[in-house]
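Structure file coords28.pdb with PDB, C-alpha atoms:
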ATOM      1  CA  ARG D 780     -17.370 -25.121   8.697
ATOM      2  CA  VAL D 781     -14.028 -23.829   7.426
ATOM      3  CA  ALA D 782     -10.774 -25.772   7.128
ATOM      4  CA  ILE D 783      -7.134 -25.287   6.160
ATOM      5  CA  GLU D 784      -4.452 -27.855   5.455
ATOM      6  CA  CYS D 785      -0.862 -26.978   4.575
ATOM      7  CA  TYR D 786       2.763 -27.955   4.828
ATOM      8  CA  GLY D 787       5.913 -25.924   4.285
ATOM      9  CA  LEU D 788       8.788 -26.738   2.000
ATOM     10  CA  THR D 789       9.380 -30.450   2.624
ATOM     11  CA  MET D 790      11.482 -32.570   0.271
ATOM     12  CA  ALA D 791      11.547 -29.610  -2.171
ATOM     13  CA  ARG D 792       7.760 -29.298  -2.217
ATOM     14  CA  GLY D 793       5.095 -27.426  -0.267
ATOM     15  CA  GLY D 794       1.319 -27.345  -0.629
ATOM     16  CA  GLY D 795      -2.053 -26.597   0.849
ATOM     17  CA  TRP D 796      -5.748 -25.877   0.406
ATOM     18  CA  MET D 797      -8.585 -23.996   2.118
ATOM     19  CA  SER D 798     -12.281 -24.835   2.211
ATOM     20  CA  PHE D 799     -15.576 -23.446   3.436
ATOM     21  CA  HIS D 800     -19.221 -24.447   3.398
ATOM     22  CA  ALA D 801     -21.625 -22.113   1.653
ATOM     23  CA  GLY D 802     -24.253 -23.427   4.094
ATOM     24  CA  ASP D 803     -27.940 -22.970   3.358
ATOM     25  CA  ALA D 804     -27.544 -19.936   1.095
ATOM     26  CA  ALA D 805     -28.593 -21.886  -2.009
ATOM     27  CA  GLY D 806     -31.493 -23.512  -0.248
ATOM     28  CA  ALA D 807     -32.765 -20.208   1.082
ATOM     29  CA  SER D 808     -32.838 -18.642  -2.396
ATOM     30  CA  SER D 809     -34.575 -21.505  -4.226
ATOM     31  CA  SER D 810     -37.228 -24.117  -3.605
ATOM     32  CA  SER D 811     -34.818 -27.053  -3.596
ATOM     33  CA  SER D 812     -35.663 -30.341  -1.936
ATOM     34  CA  SER D 813     -34.381 -31.187   1.528
ATOM     35  CA  SER D 814     -32.078 -33.838   0.049
ATOM     36  CA  SER D 815     -30.434 -31.422  -2.404
ATOM     37  CA  SER D 816     -30.232 -28.836   0.373
ATOM     38  CA  ALA D 817     -28.390 -31.348   2.554
ATOM     39  CA  ALA D 818     -26.044 -32.134  -0.307
ATOM     40  CA  SER D 819     -25.180 -28.456  -0.775
ATOM     41  CA  GLU D 820     -24.422 -28.169   2.921
ATOM     42  CA  SER D 821     -22.210 -31.270   2.890
ATOM     43  CA  ASP D 822     -20.129 -30.291  -0.151
ATOM     44  CA  PRO D 823     -17.572 -27.625   0.730
ATOM     45  CA  THR D 824     -16.014 -25.158  -1.656
ATOM     46  CA  VAL D 825     -12.336 -26.128  -1.853
ATOM     47  CA  ILE D 826      -9.657 -23.662  -2.954
ATOM     48  CA  GLU D 827      -6.647 -25.665  -4.117
ATOM     49  CA  LEU D 828      -3.464 -23.608  -3.883
ATOM     50  CA  LYS D 829      -0.505 -23.754  -6.212
ATOM     51  CA  PRO D 830       2.439 -25.495  -4.521
ATOM     52  CA  ASN D 831       5.800 -23.896  -3.864
ATOM     53  CA  MET D 832       4.584 -20.288  -3.799
ATOM     54  CA  THR D 833       6.047 -18.127  -1.036
ATOM     55  CA  GLY D 834       4.063 -15.745   1.171
ATOM     56  CA  PHE D 835       0.452 -15.735   2.430
ATOM     57  CA  HIS D 836      -2.528 -17.140   0.502
ATOM     58  CA  VAL D 837      -5.632 -15.460   1.959
ATOM     59  CA  LEU D 838      -9.427 -15.785   1.754
ATOM     60  CA  GLU D 839     -11.981 -13.289   3.071
ATOM     61  CA  LEU D 840     -15.378 -14.781   3.939
ATOM     62  CA  LYS D 841     -18.572 -12.854   4.679
ATOM     63  CA  PRO D 842     -20.919 -14.680   7.097
ATOM     64  CA  SER D 843     -24.666 -14.346   6.726
ATOM     65  CA  ALA D 844     -26.662 -12.628   9.483
ATOM     66  CA  ASN D 845     -27.381 -15.973  11.157
ATOM     67  CA  GLY D 846     -23.925 -17.437  10.481
ATOM     68  CA  ARG D 847     -25.367 -20.384   8.554
ATOM     69  CA  SER D 848     -23.803 -19.465   5.206
ATOM     70  CA  LEU D 849     -20.479 -18.034   4.063
ATOM     71  CA  GLU D 850     -19.787 -15.971   0.963
ATOM     72  CA  LEU D 851     -16.352 -15.633  -0.606
ATOM     73  CA  ALA D 852     -15.851 -11.868  -0.456
ATOM     74  CA  SER D 853     -12.276 -11.708  -1.773
ATOM     75  CA  GLN D 854      -9.443 -14.046  -2.624
ATOM     76  CA  HIS D 855      -5.715 -13.306  -2.568
ATOM     77  CA  THR D 856      -4.074 -16.559  -3.609
ATOM     78  CA  ASP D 857      -1.480 -17.800  -6.073
ATOM     79  CA  ARG D 858      -0.330 -14.822  -8.202
ATOM     80  CA  ASP D 859      -2.378 -12.348  -6.137
ATOM     81  CA  ARG D 860      -1.115 -13.647  -2.789
ATOM     82  CA  PHE D 861       0.672 -11.439  -0.261
ATOM     83  CA  ASN D 862       4.256 -12.388  -1.119
ATOM     84  CA  ILE D 863       5.949 -11.250   2.068
ATOM     85  CA  TYR D 864       8.948 -13.408   1.181
ATOM     86  CA  LYS D 865       9.823 -11.662  -2.092
ATOM     87  CA  ASP D 866       9.170  -8.009  -1.214
ATOM     88  CA  THR D 867       8.872  -7.991   2.561
ATOM     89  CA  ASP D 868       8.243  -4.318   3.302
ATOM     90  CA  LYS D 869       5.966  -3.605   0.339
ATOM     91  CA  GLU D 870       3.863  -6.738   0.751
ATOM     92  CA  THR D 871       3.630  -6.308   4.530
ATOM     93  CA  ARG D 872       2.220  -2.806   3.975
ATOM     94  CA  ARG D 873      -0.209  -4.156   1.373
ATOM     95  CA  PHE D 874      -1.400  -6.852   3.761
ATOM     96  CA  ALA D 875      -1.752  -4.376   6.647
ATOM     97  CA  LYS D 876      -3.728  -1.958   4.478
ATOM     98  CA  TRP D 877      -6.011  -4.789   3.344
ATOM     99  CA  VAL D 878      -6.650  -5.928   6.933
ATOM    100  CA  ASP D 879      -7.388  -2.369   8.068
ATOM    101  CA  ALA D 880      -9.980  -1.985   5.298
ATOM    102  CA  LEU D 881     -11.869  -5.156   6.249
ATOM    103  CA  PRO D 882     -15.221  -4.701   8.008
ATOM    104  CA  ASN D 883     -15.378  -6.174  11.492
ATOM    105  CA  GLY D 884     -16.773  -9.684  11.492
ATOM    106  CA  ARG D 885     -15.160 -10.875   8.280
ATOM    107  CA  VAL D 886     -13.581 -14.320   8.513
ATOM    108  CA  VAL D 887      -9.997 -14.470   7.239
ATOM    109  CA  MET D 888      -8.142 -17.665   6.336
ATOM    110  CA  ILE D 889      -4.363 -17.659   5.840
ATOM    111  CA  CYS D 890      -2.362 -20.543   4.386
ATOM    112  CA  ILE D 891       1.162 -21.139   3.044
ATOM    113  CA  THR D 892       2.438 -23.494   0.363
ATOM    114  CA  ASP D 893       6.166 -22.923   0.779
ATOM    115  CA  THR D 894       7.714 -20.460   3.220
ATOM    116  CA  ALA D 895       5.902 -17.342   4.378
ATOM    117  CA  ILE D 896       9.049 -15.326   5.018
ATOM    118  CA  ALA D 897      12.684 -15.064   3.986
ATOM    119  CA  ALA D 898      15.365 -16.243   6.384
ATOM    120  CA  LYS D 899      17.300 -12.975   6.240
ATOM    121  CA  ARG D 900      14.344 -10.572   5.823
ATOM    122  CA  PRO D 901      11.937 -11.274   8.684
ATOM    123  CA  PRO D 902       8.829  -9.058   8.643
ATOM    124  CA  GLY D 903       8.501  -6.415  11.314
ATOM    125  CA  LYS D 904       5.892  -5.446  13.882
ATOM    126  CA  MET D 905       3.387  -4.261  11.265
ATOM    127  CA  LEU D 906       2.677  -7.820  10.111
ATOM    128  CA  TYR D 907       2.033  -9.116  13.619
ATOM    129  CA  ASP D 908      -0.103  -6.076  14.521
ATOM    130  CA  SER D 909      -2.283  -6.958  11.529
ATOM    131  CA  LEU D 910      -2.584 -10.572  12.652
ATOM    132  CA  VAL D 911      -3.634  -9.376  16.127
ATOM    133  CA  LYS D 912      -6.477  -7.433  14.464
ATOM    134  CA  LEU D 913      -7.636 -10.829  13.156
ATOM    135  CA  GLY D 914      -7.545 -12.450  16.600
ATOM    136  CA  ALA D 915      -3.931 -13.596  16.945
ATOM    137  CA  SER D 916      -2.132 -13.170  20.252
ATOM    138  CA  SER D 917       0.220 -10.199  20.557
ATOM    139  CA  LYS D 918       2.655 -12.694  22.112
ATOM    140  CA  MET D 919       2.533 -15.155  19.226
ATOM    141  CA  GLU D 920       5.779 -16.787  18.178
ATOM    142  CA  ARG D 921       7.397 -15.091  15.183
ATOM    143  CA  ILE D 922       6.944 -16.987  11.935
ATOM    144  CA  GLY D 923      10.029 -18.996  11.063
ATOM    145  CA  TYR D 924      11.679 -19.634   7.730
ATOM    146  CA  ARG D 925      10.046 -22.591   5.953
ATOM    147  CA  PHE D 926       7.718 -23.138   8.917
ATOM    148  CA  PRO D 927       4.213 -24.304   8.014
ATOM    149  CA  PHE D 928       1.740 -21.617   9.133
ATOM    150  CA  ALA D 929      -2.054 -21.496   9.060
ATOM    151  CA  MET D 930      -4.631 -19.219  10.650
ATOM    152  CA  ILE D 931      -8.403 -18.778  10.832
ATOM    153  CA  GLY D 932      -9.353 -15.421  12.318
ATOM    154  CA  VAL D 933     -12.092 -12.821  12.501
ATOM    155  CA  LYS D 934     -11.511  -9.109  11.935
ATOM    156  CA  GLY D 935     -12.096  -7.164  15.161
ATOM    157  CA  SER D 936     -12.245 -10.286  17.339
ATOM    158  CA  LYS D 937     -10.686 -10.653  20.769
ATOM    159  CA  GLU D 938      -6.931 -11.042  20.889
ATOM    160  CA  GLY D 939      -5.984 -14.715  21.130
ATOM    161  CA  SER D 940      -9.324 -15.969  19.767
ATOM    162  CA  ALA D 941      -7.983 -17.031  16.366
ATOM    163  CA  ASN D 942      -7.276 -20.637  15.447
ATOM    164  CA  LEU D 943      -3.580 -20.461  14.596
ATOM    165  CA  ALA D 944      -0.818 -23.027  14.242
ATOM    166  CA  MET D 945       2.817 -23.081  13.278
ATOM    167  CA  ASP D 946       5.394 -25.848  13.451
ATOM    168  CA  LYS D 947       8.754 -26.971  12.193
ATOM    169  CA  THR D 948       9.277 -28.134   8.634
ATOM    170  CA  LYS D 949       8.014 -31.586   7.634
ATOM    171  CA  VAL D 950       4.838 -31.118   9.705
ATOM    172  CA  LEU D 951       1.436 -31.004   8.034
ATOM    173  CA  LEU D 952      -1.048 -28.658   9.732
ATOM    174  CA  ARG D 953      -4.837 -28.883   9.648
ATOM    175  CA  LEU D 954      -7.170 -26.322  11.244
ATOM    176  CA  GLU D 955     -10.971 -26.336  11.369
ATOM    177  CA  ALA D 956     -13.655 -24.147  12.938
ATOM    178  CA  ASN D 957     -17.347 -23.400  12.818
ATOM    179  CA  ILE D 958     -18.490 -19.820  12.304
ATOM    180  CA  GLY D 959     -21.068 -18.414  14.716
ATOM    181  CA  VAL D 960     -22.885 -15.082  14.604
ATOM    182  CA  THR D 961     -24.636 -13.850  17.752
ATOM    183  CA  SER D 962     -26.180 -10.385  17.981
ATOM    184  CA  GLY D 963     -24.245  -9.404  14.881
ATOM    185  CA  LYS D 964     -20.892 -10.515  16.316
ATOM    186  CA  THR D 965     -18.893 -13.187  14.480
ATOM    187  CA  SER D 966     -16.875 -15.770  16.386
ATOM    188  CA  LEU D 967     -15.078 -19.074  15.867
ATOM    189  CA  GLU D 968     -16.613 -22.149  17.495
ATOM    190  CA  ASP D 969     -15.582 -25.797  17.862
ATOM    191  CA  LYS D 970     -11.997 -25.064  16.821
ATOM    192  CA  SER D 971      -9.724 -28.007  16.119
ATOM    193  CA  GLU D 972      -6.065 -28.484  15.238
ATOM    194  CA  GLU D 973      -4.153 -31.472  13.909
ATOM    195  CA  ARG D 974      -0.428 -31.910  13.291
ATOM    196  CA  VAL D 975       1.083 -34.783  11.327
ATOM    197  CA  ASN D 976       4.821 -35.376  11.081
ATOM    198  CA  VAL D 977       5.410 -36.272   7.436
ATOM    199  CA  THR D 978       8.805 -37.837   8.185
ATOM    200  CA  GLU D 979       7.280 -40.201  10.745
ATOM    201  CA  LEU D 980       4.638 -41.268   8.214
ATOM    202  CA  ILE D 981       7.298 -42.036   5.598
ATOM    203  CA  LEU D 982       9.404 -44.016   8.078
ATOM    204  CA  ALA D 983       6.327 -45.942   9.245
ATOM    205  CA  ALA D 984       5.459 -46.807   5.658
ATOM    206  CA  GLU D 985       9.016 -48.017   5.022
ATOM    207  CA  ARG D 986       8.943 -50.192   8.140
ATOM    208  CA  ALA D 987       5.625 -51.670   7.051
ATOM    209  CA  ARG D 988       7.046 -52.575   3.646
ATOM    210  CA  GLU D 989      10.086 -54.188   5.243
ATOM    211  CA  GLU D 990       7.902 -56.258   7.564
ATOM    212  CA  ALA D 991       5.528 -57.344   4.792
TER
END
Written as structure tokens, that's how I'd like the structure from this file.
Amino acid sequence: RVAIECYGLTMARGGGWMSFHAGDAAGASSSSSSSSSAASESDPTVIELKPNMTGFHVLELKPSANGRSLELASQHTDRDRFNIYKDTDKETRRFAKWVDALPNGRVVMICITDTAIAAKRPPGKMLYDSLVKLGASSKMERIGYRFPFAMIGVKGSKEGSANLAMDKTKVLLRLEANIGVTSGKTSLEDKSEERVNVTELILAAERAREEA
């Protein structure tokens, strides 16, 4: 199971994290007990991201042949993120080159902790062509300034098969998916999406305090 949670710049702060389950990889390589094996499956690897950092934070995951375990193949987060906001053209080319070099079947997770793009320097077609190669729709809405954005995709997968979400500011996004491998082909299964309006939560909490 993989998961992403993020929110854009809200009340001068953004944040997010990504997680994945290593699955039964540890159990397959050692003679651990069934209880410890279950524990390893239930405890995900969580990548906490530094808040208020513009651009894309990205993980590349390599599924096992049966899809029951995931290996962190590469990590481009924090200082090594794709900072499309700061140097739009250069970082878009770097991201596109990285996507092109990925083997088909790799799982890619994208998260933001601020704004992905600059208001006056929107990225061009190259960025969205790269996202399509990860399963996004070619008709996806263009990423907005300070919009929360998250995506779980698979390199070489069918267009529109990715789990992708974007919303206005002050909305927290959460995406989840299982990873399946059938006849050597990786796919996303049991995809889910959740959106929480942070402003509504704050107002509800204030009303509760007033009524108490």
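A search radius of 8 Å centred on (-0.9, -22.3, -0.1), applied to all atoms listed in the file, returns the residues Cys785, Gly793, Gly794, Gly795, Trp796, Glu827, Leu828, Lys829, Pro830, Asn831, Met832, Phe835, His836, Thr856, Asp857, Cys890, Ile891, Thr892 and Asp893 of chain D.
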Open item on the list: Can you measure CA of Asp946 (chain D) to CA of Glu968 (chain D) for me? One decimal in Å is fine.
Closed with: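 About the pair CA of Asp946 (chain D) and CA of Glu968 (chain D): they are 22.7 Å apart.
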- [ ] Find the residue from D:Pro901, D:Asn845, D:Leu851, D:Asn862 that sits nearest to Val960 (chain D); use all atoms listed in the file when measuring.
- [x]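 Among D:Pro901, D:Asn845, D:Leu851, D:Asn862, it is D:Asn845 that comes nearest to Val960 (chain D).
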Run the PyMOL selection byres ((chain D and resi 853) around 10) mentally over the shown coordinates, then write out the matched residues as a PDB file with C-alpha atoms, in the frame of the given file, using the chain letters and numbers from the document.
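Result saved to selection-v9.pdb:
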ATOM      1  CA  VAL D 837      -5.632 -15.460   1.959  1.00  0.00           C
ATOM      2  CA  LEU D 838      -9.427 -15.785   1.754  1.00  0.00           C
ATOM      3  CA  GLU D 839     -11.981 -13.289   3.071  1.00  0.00           C
ATOM      4  CA  LEU D 840     -15.378 -14.781   3.939  1.00  0.00           C
ATOM      5  CA  LYS D 841     -18.572 -12.854   4.679  1.00  0.00           C
ATOM      6  CA  GLU D 850     -19.787 -15.971   0.963  1.00  0.00           C
ATOM      7  CA  LEU D 851     -16.352 -15.633  -0.606  1.00  0.00           C
ATOM      8  CA  ALA D 852     -15.851 -11.868  -0.456  1.00  0.00           C
ATOM      9  CA  GLN D 854      -9.443 -14.046  -2.624  1.00  0.00           C
ATOM     10  CA  HIS D 855      -5.715 -13.306  -2.568  1.00  0.00           C
ATOM     11  CA  THR D 856      -4.074 -16.559  -3.609  1.00  0.00           C
ATOM     12  CA  VAL D 887      -9.997 -14.470   7.239  1.00  0.00           C
TER      13      VAL D 887
END
- [ ] Report as number ranges by chain the residues that result from applying the PyMOL selection byres ((chain D and resi 970) around 12) to the structure here.
- [x] D: 780-783, 930-932, 940-944, 953-959, 966-969, 971-973
- [ ] Find the distance between CA of Thr824 (chain D) and CA of Pro842 (chain D) and write it in Å to one decimal.
- [x]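 That distance, rounded to one decimal, is 14.5 Å.
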Task: Interatomic distance (Å, one decimal) between CA of Glu938 (chain D) and CA of Lys912 (chain D) - done: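 Interatomic distance, CA of Glu938 (chain D) to CA of Lys912 (chain D): 7.4 Å.
Using all atoms listed in the file, the smallest distance between any of D:Val878, D:Met797, D:Ala929, D:Ala987 and Arg974 (chain D) comes from D:Ala929.
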Task: Minimum-distance residue to Ser962 (chain D), chosen among D:Ala983, D:Ile863, D:Ala895, D:Ala844 (using only C-alpha atoms) - done: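 The shortest atom-to-atom distance to Ser962 (chain D) comes from D:Ala844.
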Task: Among listed residues D:Ala801, D:Asp822, D:Arg860, D:Thr894, nearest Ser848 (chain D) (using all atoms listed in the file) - done: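 For Ser848 (chain D), the nearest of the candidates is D:Ala801.
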Open item on the list: List the spatial neighbours of Lys918 (chain D) as a count of residues only - criterion: any atom at most 10 Å away, all atoms listed in the file, same-chain residues fewer than 6 positions off excluded.
Closed with: 4
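Omitting Lys947 (chain D) and its sequence neighbours fewer than 6 positions away, and counting only C-alpha atoms, the residues within 10 Å are D:Tyr786, D:Gly787, D:Gly923, D:Tyr924, D:Arg925, D:Phe926, D:Pro927, D:Phe928, D:Asn976.
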Task: Pick from D:Glu979, D:Asp879, D:Val886, D:Asp859, whichever lies nearest to Asp908 (chain D) using all atoms listed in the file - done: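 Using all atoms listed in the file, Asp908 (chain D) sits closest to D:Asp879.
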Open item on the list: Considering all atoms listed in the file, can you say which of D:Lys964, D:Arg986, D:Arg792, D:Lys869 comes closest to Asn883 (chain D)?
Closed with: D:Lys964
